[in-house]
>>> print(open('work10.tsv').read())   # TSV, C-alpha atoms
chain	number	residue	atom	x	y	z
U	1	MET	CA	-26.63	24.96	40.72
U	2	ARG	CA	-23.40	25.15	38.73
U	3	LYS	CA	-24.25	21.83	37.03
U	4	LEU	CA	-27.69	23.20	36.12
U	5	ALA	CA	-26.10	26.31	34.60
U	6	ILE	CA	-23.72	24.15	32.55
U	7	LEU	CA	-26.63	21.97	31.37
U	8	ILE	CA	-28.71	25.02	30.35
U	9	SER	CA	-25.70	26.47	28.56
U	10	ALA	CA	-25.09	23.20	26.71
U	11	LEU	CA	-28.75	22.94	25.66
U	12	ALA	CA	-28.75	26.55	24.45
U	13	SER	CA	-25.60	25.87	22.45
U	14	MET	CA	-27.20	22.80	20.83
U	15	ALA	CA	-30.30	24.78	19.88
U	16	ALA	CA	-28.19	27.54	18.32
U	17	THR	CA	-26.17	25.12	16.19
U	18	PRO	CA	-27.96	24.28	12.95
U	19	ALA	CA	-28.12	20.58	12.18
U	20	MET	CA	-25.39	19.75	9.66
U	21	ALA	CA	-26.49	17.65	6.73
U	22	GLU	CA	-24.59	14.70	5.33
U	23	ILE	CA	-22.57	15.61	2.23
U	24	GLY	CA	-21.02	12.22	1.60
U	25	ARG	CA	-20.23	8.86	3.03
U	26	ILE	CA	-17.17	6.69	3.51
U	27	LYS	CA	-17.88	3.53	1.55
U	28	ASN	CA	-14.73	1.47	1.76
U	29	ALA	CA	-11.41	1.50	3.54
U	30	THR	CA	-8.39	-0.75	3.53
U	31	GLN	CA	-6.62	-1.45	6.85
U	32	GLY	CA	-9.58	-0.95	9.18
U	33	THR	CA	-10.85	2.34	10.50
U	34	VAL	CA	-10.17	5.83	9.14
U	35	VAL	CA	-9.42	9.01	11.07
U	36	VAL	CA	-11.83	11.89	10.43
U	37	ILE	CA	-11.11	15.19	12.15
U	38	ARG	CA	-14.24	17.23	12.88
U	39	ASP	CA	-14.15	20.54	14.77
U	40	GLY	CA	-10.64	19.68	15.92
U	41	LYS	CA	-11.66	16.31	17.37
U	42	SER	CA	-10.36	13.04	16.01
U	43	LEU	CA	-13.12	10.55	15.18
U	44	THR	CA	-12.84	6.90	14.25
U	45	ALA	CA	-14.73	6.22	11.03
U	46	LYS	CA	-15.63	3.05	9.19
U	47	PRO	CA	-17.68	2.35	6.03
U	48	GLY	CA	-21.10	4.01	6.39
U	49	PHE	CA	-19.65	7.04	8.24
U	50	LYS	CA	-21.49	10.23	7.22
U	51	LEU	CA	-19.23	13.13	6.27
U	52	LEU	CA	-19.99	16.81	6.89
U	53	GLU	CA	-18.66	20.01	5.33
U	54	GLY	CA	-15.36	20.90	7.00
U	55	ASP	CA	-14.31	17.32	7.80
U	56	VAL	CA	-10.67	16.33	7.37
U	57	ILE	CA	-9.87	12.77	6.25
U	58	SER	CA	-6.52	11.38	7.27
U	59	THR	CA	-5.14	8.05	6.05
U	60	ARG	CA	-2.26	5.89	7.26
U	61	ALA	CA	0.62	4.54	5.18
U	62	GLY	CA	-0.75	1.95	2.78
U	63	GLN	CA	-4.38	2.86	3.46
U	64	ARG	CA	-6.95	3.83	0.79
U	65	VAL	CA	-10.47	5.14	1.34
U	66	GLY	CA	-13.43	5.39	-1.08
U	67	ILE	CA	-16.07	8.10	-0.65
U	68	THR	CA	-19.36	8.95	-2.37
U	69	PHE	CA	-20.94	12.42	-2.30
U	70	ILE	CA	-24.58	13.41	-2.64
U	71	ASP	CA	-23.95	14.95	-6.08
U	72	ASP	CA	-22.55	11.55	-7.22
U	73	THR	CA	-18.92	12.64	-7.08
U	74	ARG	CA	-16.65	9.77	-6.06
U	75	MET	CA	-13.29	10.17	-4.40
U	76	ALA	CA	-10.48	7.79	-3.52
U	77	VAL	CA	-8.03	8.98	-0.86
U	78	GLY	CA	-4.55	7.50	-1.18
U	79	PRO	CA	-2.06	6.41	1.50
U	80	SER	CA	-0.55	8.89	3.99
U	81	SER	CA	-2.95	11.61	2.87
U	82	ARG	CA	-4.75	14.50	4.48
U	83	ILE	CA	-7.78	15.84	2.62
U	84	THR	CA	-10.01	18.71	3.79
U	85	LEU	CA	-13.62	19.07	2.60
U	86	ASP	CA	-13.48	22.87	2.91
U	87	GLU	CA	-16.73	23.74	1.19
U	88	TYR	CA	-19.64	21.70	-0.11
U	89	LYS	CA	-22.93	23.38	-0.98
U	90	TYR	CA	-25.45	21.35	-2.94
U	91	ASP	CA	-29.10	21.99	-3.68
U	92	ARG	CA	-30.48	18.48	-3.93
U	93	ALA	CA	-33.69	19.66	-5.65
U	94	ARG	CA	-32.01	21.67	-8.42
U	95	GLN	CA	-28.86	19.47	-8.42
U	96	THR	CA	-26.58	22.50	-8.46
U	97	GLY	CA	-23.85	23.69	-6.12
U	98	ARG	CA	-20.18	24.28	-5.55
U	99	SER	CA	-17.36	22.59	-3.69
U	100	LEU	CA	-13.77	23.12	-2.64
U	101	THR	CA	-11.54	20.24	-1.52
U	102	SER	CA	-7.96	20.65	-0.34
U	103	VAL	CA	-5.26	18.05	-0.83
U	104	ASN	CA	-2.97	19.01	2.04
U	105	ARG	CA	-0.70	16.01	1.44
U	106	GLY	CA	-0.81	12.61	-0.24
U	107	SER	CA	-3.01	11.70	-3.18
U	108	LEU	CA	-6.64	12.03	-4.19
U	109	GLY	CA	-8.49	10.42	-7.09
U	110	VAL	CA	-11.68	12.18	-8.22
U	111	ASP	CA	-14.53	11.15	-10.51
U	112	SER	CA	-16.65	14.28	-10.65
U	113	GLY	CA	-20.44	14.41	-10.29
U	114	ASN	CA	-23.32	16.82	-10.80
U	115	ILE	CA	-21.70	19.92	-9.30
U	116	THR	CA	-19.48	20.27	-12.37
U	117	ARG	CA	-22.64	20.63	-14.51
U	118	THR	CA	-23.65	23.70	-12.50
U	119	GLY	CA	-21.15	25.94	-14.24
U	120	LYS	CA	-17.48	26.38	-15.02
U	121	ASP	CA	-15.17	25.55	-12.14
U	122	LYS	CA	-17.93	25.21	-9.54
U	123	MET	CA	-15.94	22.23	-8.31
U	124	ARG	CA	-12.44	23.16	-7.24
U	125	VAL	CA	-9.53	21.25	-5.78
U	126	ARG	CA	-6.76	23.10	-4.00
U	127	THR	CA	-3.15	22.08	-3.31
U	128	PRO	CA	-0.66	24.05	-1.19
U	129	THR	CA	0.42	26.01	-4.31
U	130	SER	CA	-2.40	25.78	-6.84
U	131	THR	CA	-6.14	25.73	-7.50
U	132	LEU	CA	-7.74	23.40	-10.04
U	133	GLY	CA	-11.07	23.89	-11.79
U	134	VAL	CA	-12.80	20.58	-12.48
U	135	ARG	CA	-14.79	20.25	-15.70
U	136	GLY	CA	-16.49	16.86	-15.61
U	137	THR	CA	-13.74	14.31	-15.48
U	138	THR	CA	-11.57	11.73	-13.71
U	139	PHE	CA	-8.16	12.73	-12.37
U	140	VAL	CA	-5.56	12.27	-9.66
U	141	VAL	CA	-3.86	15.00	-7.60
U	142	GLU	CA	-0.63	14.34	-5.71
U	143	VAL	CA	1.08	16.45	-3.06
U	144	LYS	CA	4.39	15.03	-1.85
Q	1	MET	CA	30.37	31.45	-1.37
Q	2	ARG	CA	27.92	30.90	1.47
Q	3	VAL	CA	25.34	33.07	-0.29
Q	4	ARG	CA	25.73	31.01	-3.46
Q	5	ALA	CA	25.28	27.76	-1.53
Q	6	LEU	CA	22.13	29.13	0.09
Q	7	ALA	CA	20.81	30.24	-3.30
Q	8	LEU	CA	21.45	26.77	-4.71
Q	9	ALA	CA	19.76	25.16	-1.72
Q	10	GLY	CA	16.78	27.49	-2.20
Q	11	ALA	CA	16.58	26.58	-5.87
Q	12	PHE	CA	16.56	22.87	-5.00
Q	13	VAL	CA	13.79	23.45	-2.45
Q	14	LEU	CA	11.70	25.33	-5.03
Q	15	ALA	CA	12.32	22.65	-7.63
Q	16	GLY	CA	11.33	20.05	-5.08
Q	17	CYS	CA	8.08	21.90	-4.33
Q	18	ALA	CA	7.22	22.21	-8.00
Q	19	GLY	CA	8.00	18.54	-8.66
Q	20	GLY	CA	6.06	17.43	-5.57
Q	21	GLU	CA	2.63	18.54	-6.73
Q	22	ARG	CA	0.94	17.36	-9.87
Q	23	VAL	CA	-2.39	16.64	-11.45
Q	24	THR	CA	-2.99	13.90	-13.99
Q	25	LEU	CA	-6.07	13.62	-16.15
Q	26	LEU	CA	-7.17	10.01	-16.58
Q	27	PRO	CA	-9.39	8.17	-19.04
Q	28	ALA	CA	-13.00	8.71	-17.90
Q	29	ALA	CA	-14.11	6.28	-15.20
Q	30	GLN	CA	-17.66	6.47	-16.53
Q	31	ASP	CA	-19.16	6.30	-19.99
Q	32	ARG	CA	-18.48	9.91	-20.96
Q	33	GLY	CA	-15.75	12.05	-22.49
Q	34	VAL	CA	-12.41	12.73	-20.86
Q	35	GLY	CA	-13.53	16.23	-19.76
Q	36	ALA	CA	-10.89	18.62	-18.48
Q	37	VAL	CA	-9.08	20.00	-15.46
Q	38	ALA	CA	-7.80	23.57	-15.49
Q	39	VAL	CA	-4.90	24.84	-13.41
Q	40	LEU	CA	-6.15	28.31	-12.46
Q	41	SER	CA	-3.80	31.20	-11.93
Q	42	THR	CA	-4.57	34.23	-9.77
Q	43	ASP	CA	-4.43	36.61	-12.76
Q	44	GLY	CA	-7.36	34.81	-14.43
Q	45	GLY	CA	-5.26	32.66	-16.76
Q	46	GLU	CA	-5.49	28.91	-16.91
Q	47	THR	CA	-3.66	25.86	-18.19
Q	48	VAL	CA	-6.16	23.27	-19.39
Q	49	LEU	CA	-5.56	19.51	-19.45
Q	50	ASP	CA	-8.05	17.85	-21.79
Q	51	GLN	CA	-6.26	14.73	-23.03
Q	52	ALA	CA	-6.22	11.47	-21.11
Q	53	ASN	CA	-2.88	10.90	-19.34
Q	54	ALA	CA	-1.86	14.56	-19.60
Q	55	GLN	CA	0.03	15.58	-16.46
Q	56	ALA	CA	0.82	19.04	-15.11
Q	57	SER	CA	3.49	19.78	-12.50
Q	58	LEU	CA	2.13	22.46	-10.19
Q	59	GLY	CA	3.80	25.16	-8.16
Q	60	SER	CA	4.87	27.68	-10.78
Q	61	ARG	CA	2.94	30.35	-12.68
Q	62	PHE	CA	3.18	28.31	-15.87
Q	63	PRO	CA	2.63	24.62	-15.03
Q	64	ARG	CA	4.77	22.19	-16.98
Q	65	VAL	CA	2.57	19.78	-18.97
Q	66	ARG	CA	3.65	16.46	-20.40
Q	67	GLN	CA	1.85	13.54	-21.98
Q	68	LEU	CA	2.24	10.17	-20.27
Q	69	THR	CA	2.16	7.07	-22.43
Q	70	SER	CA	0.26	4.96	-19.90
Q	71	VAL	CA	-1.55	5.14	-16.57
Q	72	ASP	CA	0.75	4.93	-13.53
Q	73	PRO	CA	-0.04	1.66	-11.66
Q	74	ALA	CA	-0.39	3.66	-8.43
Q	75	TYR	CA	-3.16	5.73	-10.06
Q	76	ALA	CA	-4.87	2.60	-11.32
Q	77	GLU	CA	-4.81	1.22	-7.76
Q	78	LEU	CA	-6.29	4.45	-6.43
Q	79	ILE	CA	-9.04	4.53	-9.05
Q	80	ASN	CA	-9.92	0.95	-8.12
Q	81	SER	CA	-10.86	2.33	-4.69
Q	82	PHE	CA	-13.69	4.41	-6.13
Q	83	PRO	CA	-16.93	3.10	-4.63
Q	84	ARG	CA	-18.99	1.06	-7.05
Q	85	LEU	CA	-21.57	2.89	-9.18
Q	86	ILE	CA	-25.06	1.45	-8.91
Q	87	GLU	CA	-27.48	2.19	-11.73
Q	88	PRO	CA	-30.52	4.14	-10.45
Q	89	GLN	CA	-33.95	2.52	-10.71
Q	90	ALA	CA	-36.76	4.60	-12.20
Q	91	ILE	CA	-40.43	4.23	-11.43
Q	92	ARG	CA	-42.71	5.96	-13.92
Q	93	PHE	CA	-46.24	7.14	-13.22
Q	94	GLN	CA	-49.45	7.87	-15.01
Q	95	THR	CA	-50.42	11.53	-14.73
Q	96	ALA	CA	-50.87	12.26	-10.97
Q	97	GLY	CA	-50.28	8.55	-10.20
Q	98	THR	CA	-48.09	7.21	-7.37
Q	99	ARG	CA	-48.51	3.43	-7.58
Q	100	ILE	CA	-45.42	1.20	-7.47
Q	101	SER	CA	-45.70	-2.40	-8.62
Q	102	THR	CA	-44.79	-5.47	-6.59
Q	103	GLU	CA	-42.38	-6.44	-9.40
Q	104	GLN	CA	-40.46	-3.17	-8.92
Q	105	ILE	CA	-40.27	-3.70	-5.16
Q	106	GLY	CA	-39.04	-7.24	-5.79
Q	107	SER	CA	-36.27	-6.07	-8.11
Q	108	LEU	CA	-35.17	-3.42	-5.58
Q	109	LYS	CA	-35.00	-6.04	-2.84
Q	110	ALA	CA	-32.97	-8.31	-5.10
Q	111	LEU	CA	-30.58	-5.45	-5.85
Q	112	LEU	CA	-30.08	-4.66	-2.15
Q	113	GLU	CA	-29.51	-8.32	-1.31
Q	114	SER	CA	-26.81	-8.46	-4.00
Q	115	LEU	CA	-24.91	-5.64	-2.24
Q	116	GLY	CA	-23.87	-7.80	0.70
Q	117	PRO	CA	-24.76	-8.27	4.34
Q	118	ASP	CA	-24.02	-4.75	5.63
Q	119	LEU	CA	-26.62	-2.47	4.05
Q	120	SER	CA	-26.06	0.27	6.64
Q	121	ILE	CA	-23.19	1.67	4.58
Q	122	TYR	CA	-25.55	2.57	1.71
Q	123	GLN	CA	-27.54	5.74	1.24
Q	124	ILE	CA	-30.91	5.22	-0.47
Q	125	GLU	CA	-32.06	8.41	-2.19
Q	126	VAL	CA	-35.67	8.64	-3.40
Q	127	ALA	CA	-36.18	11.60	-5.75
Q	128	GLY	CA	-39.42	12.67	-7.43
Q	129	TYR	CA	-39.66	14.51	-10.75
Q	130	THR	CA	-42.40	16.02	-12.89
Q	131	ASP	CA	-42.59	17.20	-16.47
Q	132	SER	CA	-42.62	20.94	-17.08
Q	133	VAL	CA	-46.36	21.40	-17.59
Q	134	GLY	CA	-47.89	23.62	-14.88
Q	135	LYS	CA	-46.58	25.91	-12.19
Q	136	GLU	CA	-43.12	25.43	-10.69
Q	137	GLN	CA	-44.35	25.32	-7.09
Q	138	ASP	CA	-47.20	22.90	-7.92
Q	139	ASN	CA	-44.74	20.58	-9.66
Q	140	LEU	CA	-42.32	20.80	-6.74
Q	141	ARG	CA	-45.10	19.75	-4.36
Q	142	LEU	CA	-46.24	16.92	-6.67
Q	143	SER	CA	-42.68	15.58	-6.98
Q	144	GLN	CA	-42.23	15.70	-3.19
Q	145	SER	CA	-45.52	13.89	-2.74
Q	146	ARG	CA	-44.52	11.15	-5.21
Q	147	ALA	CA	-41.11	10.73	-3.59
Q	148	ARG	CA	-42.65	10.60	-0.10
Q	149	GLN	CA	-45.24	8.00	-1.09
Q	150	VAL	CA	-42.67	5.76	-2.77
Q	151	ALA	CA	-40.30	6.15	0.21
Q	152	GLU	CA	-43.05	5.23	2.69
Q	153	LEU	CA	-43.95	2.19	0.63
Q	154	LEU	CA	-40.30	1.11	0.52
Q	155	ARG	CA	-39.96	1.71	4.25
Q	156	SER	CA	-42.97	-0.52	4.86
Q	157	GLU	CA	-41.08	-3.21	2.93
Q	158	GLY	CA	-38.09	-2.85	5.25
Q	159	PHE	CA	-35.91	-0.37	3.36
Q	160	LYS	CA	-34.12	2.17	5.59
Q	161	ILE	CA	-34.44	5.66	4.11
Q	162	ASP	CA	-33.37	8.86	5.84
Q	163	ASP	CA	-35.84	11.79	5.70
Q	164	ASN	CA	-33.08	13.95	4.16
Q	165	ASP	CA	-32.84	11.50	1.28
Q	166	ILE	CA	-36.47	11.96	0.18
Q	167	ILE	CA	-36.27	14.75	-2.38
Q	168	GLY	CA	-38.69	16.57	-4.66
Q	169	ARG	CA	-36.93	17.81	-7.79
Q	170	GLY	CA	-40.03	19.28	-9.40
Q	171	GLU	CA	-39.74	20.35	-13.01
Q	172	TYR	CA	-36.14	21.62	-12.85
Q	173	ALA	CA	-34.57	18.76	-14.81
Q	174	ALA	CA	-37.40	18.72	-17.39
Q	175	VAL	CA	-37.14	22.48	-17.96
Q	176	ARG	CA	-33.36	22.18	-18.31
Q	177	GLU	CA	-33.58	19.35	-20.84
Q	178	LEU	CA	-36.83	20.01	-22.72
Q	179	GLY	CA	-37.89	23.59	-21.96
Q	180	ASP	CA	-40.97	24.85	-20.12
Q	181	GLU	CA	-44.55	23.57	-20.62
Q	182	LYS	CA	-43.51	20.31	-22.31
Q	183	GLU	CA	-45.36	17.11	-21.47
Q	184	SER	CA	-43.08	14.11	-20.95
Q	185	ALA	CA	-43.79	10.71	-19.39
Q	186	GLN	CA	-40.04	10.32	-18.89
Q	187	TYR	CA	-40.08	12.97	-16.18
Q	188	ARG	CA	-43.22	11.79	-14.37
Q	189	ALA	CA	-41.01	9.56	-12.32
Q	190	VAL	CA	-39.34	8.74	-9.05
Q	191	THR	CA	-35.77	7.52	-9.12
Q	192	ILE	CA	-34.25	5.36	-6.43
Q	193	LYS	CA	-30.51	5.72	-6.22
Q	194	ILE	CA	-28.35	3.57	-3.99
Q	195	ARG	CA	-24.90	4.97	-3.34
>>> encode(input="work10.tsv", output="structure tokens")
Amino acid sequence: MRKLAILISALASMAATPAMAEIGRIKNATQGTVVVIRDGKSLTAKPGFKLLEGDVISTRAGQRVGITFIDDTRMAVGPSSRITLDEYKYDRARQTGRSLTSVNRGSLGVDSGNITRTGKDKMRVRTPTSTLGVRGTTFVVEVK
Amino acid sequence: MRVRALALAGAFVLAGCAGGERVTLLPAAQDRGVGAVAVLSTDGGETVLDQANAQASLGSRFPRVRQLTSVDPAYAELINSFPRLIEPQAIRFQTAGTRISTEQIGSLKALLESLGPDLSIYQIEVAGYTDSVGKEQDNLRLSQSRARQVAELLRSEGFKIDDNDIIGRGEYAAVRELGDEKESAQYRAVTIKIR
């Protein structure tokens, strides 16, 4: 009976959780698999792994990871880094949206995509001390 | 004396924080201008970097900006990790048409084969467009219908396409670029983007 109650509770929880849509994909990684933290759980990711809003990407010393996003933004995560995809909203029909990415530590290379055409500073990158507004460009952020 | 030592230690920590965070604008990775990155302050001010190799040290109200003479090799290595850009393929239609030629399917297959043995890492996005003649909702439906038909045809040829990656973009791009009620063959199209 208790097992049945747990099963019903789990099914109800699944039905209440909206399906999360892919926002990007890990495309390449040096030194094998990558750690992605989702809802506090550590997942093992490899090229082809679909990323969701809220994911945290963590790299080892010497590791680099390439990512594409559905607005055509490309990112490269450097060694010993921790990057949080805090917010990513993108209307794929209108090709407009906004995003916020945090560089908690390490380095991040960015080649911005369609979100920056939506309006001024719709794409933002945050470091522990600062916020950057991205205006259609290629750049690197470092947090040591 | 102890207070002074603590103050000095604090100053070093602050200096270390400021020196430990920076942003560097690079030459554009794609065929476009350098663009810009702005360091935004909470009072609404901003420090804008708009020259390639300009670097700002972060952590203070007024970021220190300097001009580098060349790209740091570590940055170049990082940029080399950007996933490859693949040029989108466009299929154009006659008015209300949805036919895709065998030549176009052949060239898509050739492109996918050139990407390597593991195609599961790629996302294939099929997006339909219309020109701006007619009602917005009608054009949205037409673009979805075109995208769906092309996607189904590609699936029947063995391409793996997720339902979420079949998109109708209606007249939005045409209105943005040309204005409303403008006929344009360029926008009667479906694009196939592999990323």
>>> interface_residues(input="work10.tsv", of="chain Q", to="chain U", cutoff="7 Å", atoms="only C-alpha atoms", output="PyMOL selection string")
chain Q and resi 20-29+34-40+58-59+75+78-79+81-83+120-122+167-169+172+195
>>> atom_distance(input="work10.tsv", atom1="CA of Ala110 (chain Q)", atom2="CA of Arg155 (chain Q)")
15.4 Å
>>> closest_residue(input="work10.tsv", among="U:Gln31, U:Glu87, U:Ser80, U:Asp71", to="Asp55 (chain U)", atoms="only C-alpha atoms")
U:Glu87
>>> closest_residue(input="work10.tsv", among="Q:Glu171, Q:Ala147, Q:Ser70, Q:Ser57", to="Ser184 (chain Q)", atoms="all atoms listed in the file")
Q:Glu171
>>> closest_atom_pairs(input="work10.tsv", of="region 89-180 of chain Q", to="region 186-189 of chain Q", cutoff="12 Å", atoms="all atoms listed in the file", output="CSV")
residue,atom,partner,partner_atom,distance
Q:Gln89,CA,Q:Ala189,CA,10.1
Q:Ala90,CA,Q:Ala189,CA,6.5
Q:Ile91,CA,Q:Ala189,CA,5.4
Q:Arg92,CA,Q:Ala189,CA,4.3
Q:Phe93,CA,Q:Arg188,CA,5.7
Q:Gln94,CA,Q:Arg188,CA,7.4
Q:Thr95,CA,Q:Arg188,CA,7.2
Q:Ala96,CA,Q:Arg188,CA,8.4
Q:Gly97,CA,Q:Arg188,CA,8.8
Q:Thr98,CA,Q:Ala189,CA,9.0
Q:Arg99,CA,Q:Ala189,CA,10.8
Q:Ile100,CA,Q:Ala189,CA,10.6
Q:Val126,CA,Q:Ala189,CA,10.4
Q:Ala127,CA,Q:Ala189,CA,8.4
Q:Gly128,CA,Q:Ala189,CA,6.0
Q:Tyr129,CA,Q:Ala189,CA,5.4
Q:Thr130,CA,Q:Arg188,CA,4.6
Q:Asp131,CA,Q:Tyr187,CA,4.9
Q:Ser132,CA,Q:Tyr187,CA,8.4
Q:Val133,CA,Q:Tyr187,CA,10.6
Q:Asn139,CA,Q:Arg188,CA,10.1
Q:Leu140,CA,Q:Arg188,CA,11.8
Q:Leu142,CA,Q:Arg188,CA,9.7
Q:Ser143,CA,Q:Ala189,CA,8.2
Q:Gln144,CA,Q:Ala189,CA,11.1
Q:Ser145,CA,Q:Ala189,CA,11.4
Q:Arg146,CA,Q:Ala189,CA,8.1
Q:Ala147,CA,Q:Ala189,CA,8.8
Q:Val150,CA,Q:Ala189,CA,10.4
Q:Gly168,CA,Q:Ala189,CA,10.6
Q:Arg169,CA,Q:Tyr187,CA,10.2
Q:Gly170,CA,Q:Tyr187,CA,9.3
Q:Glu171,CA,Q:Tyr187,CA,8.0
Q:Tyr172,CA,Q:Tyr187,CA,10.1
Q:Ala173,CA,Q:Tyr187,CA,8.1
Q:Ala174,CA,Q:Tyr187,CA,6.5
Q:Val175,CA,Q:Tyr187,CA,10.1
Q:Arg176,CA,Q:Tyr187,CA,11.6
Q:Glu177,CA,Q:Tyr187,CA,10.2
Q:Leu178,CA,Q:Tyr187,CA,10.1
>>> atom_distance(input="work10.tsv", atom1="CA of Asp118 (chain Q)", atom2="CA of Thr59 (chain U)")
22.8 Å
>>> atom_distance(input="work10.tsv", atom1="CA of Gly33 (chain Q)", atom2="CA of Val48 (chain Q)")
15.1 Å
>>> residues_near_point(input="work10.tsv", point="(-14.3, 6.0, 14.1)", cutoff="7 Å", atoms="all atoms listed in the file", output="ChimeraX atom specification")
/U:33-35,43-46
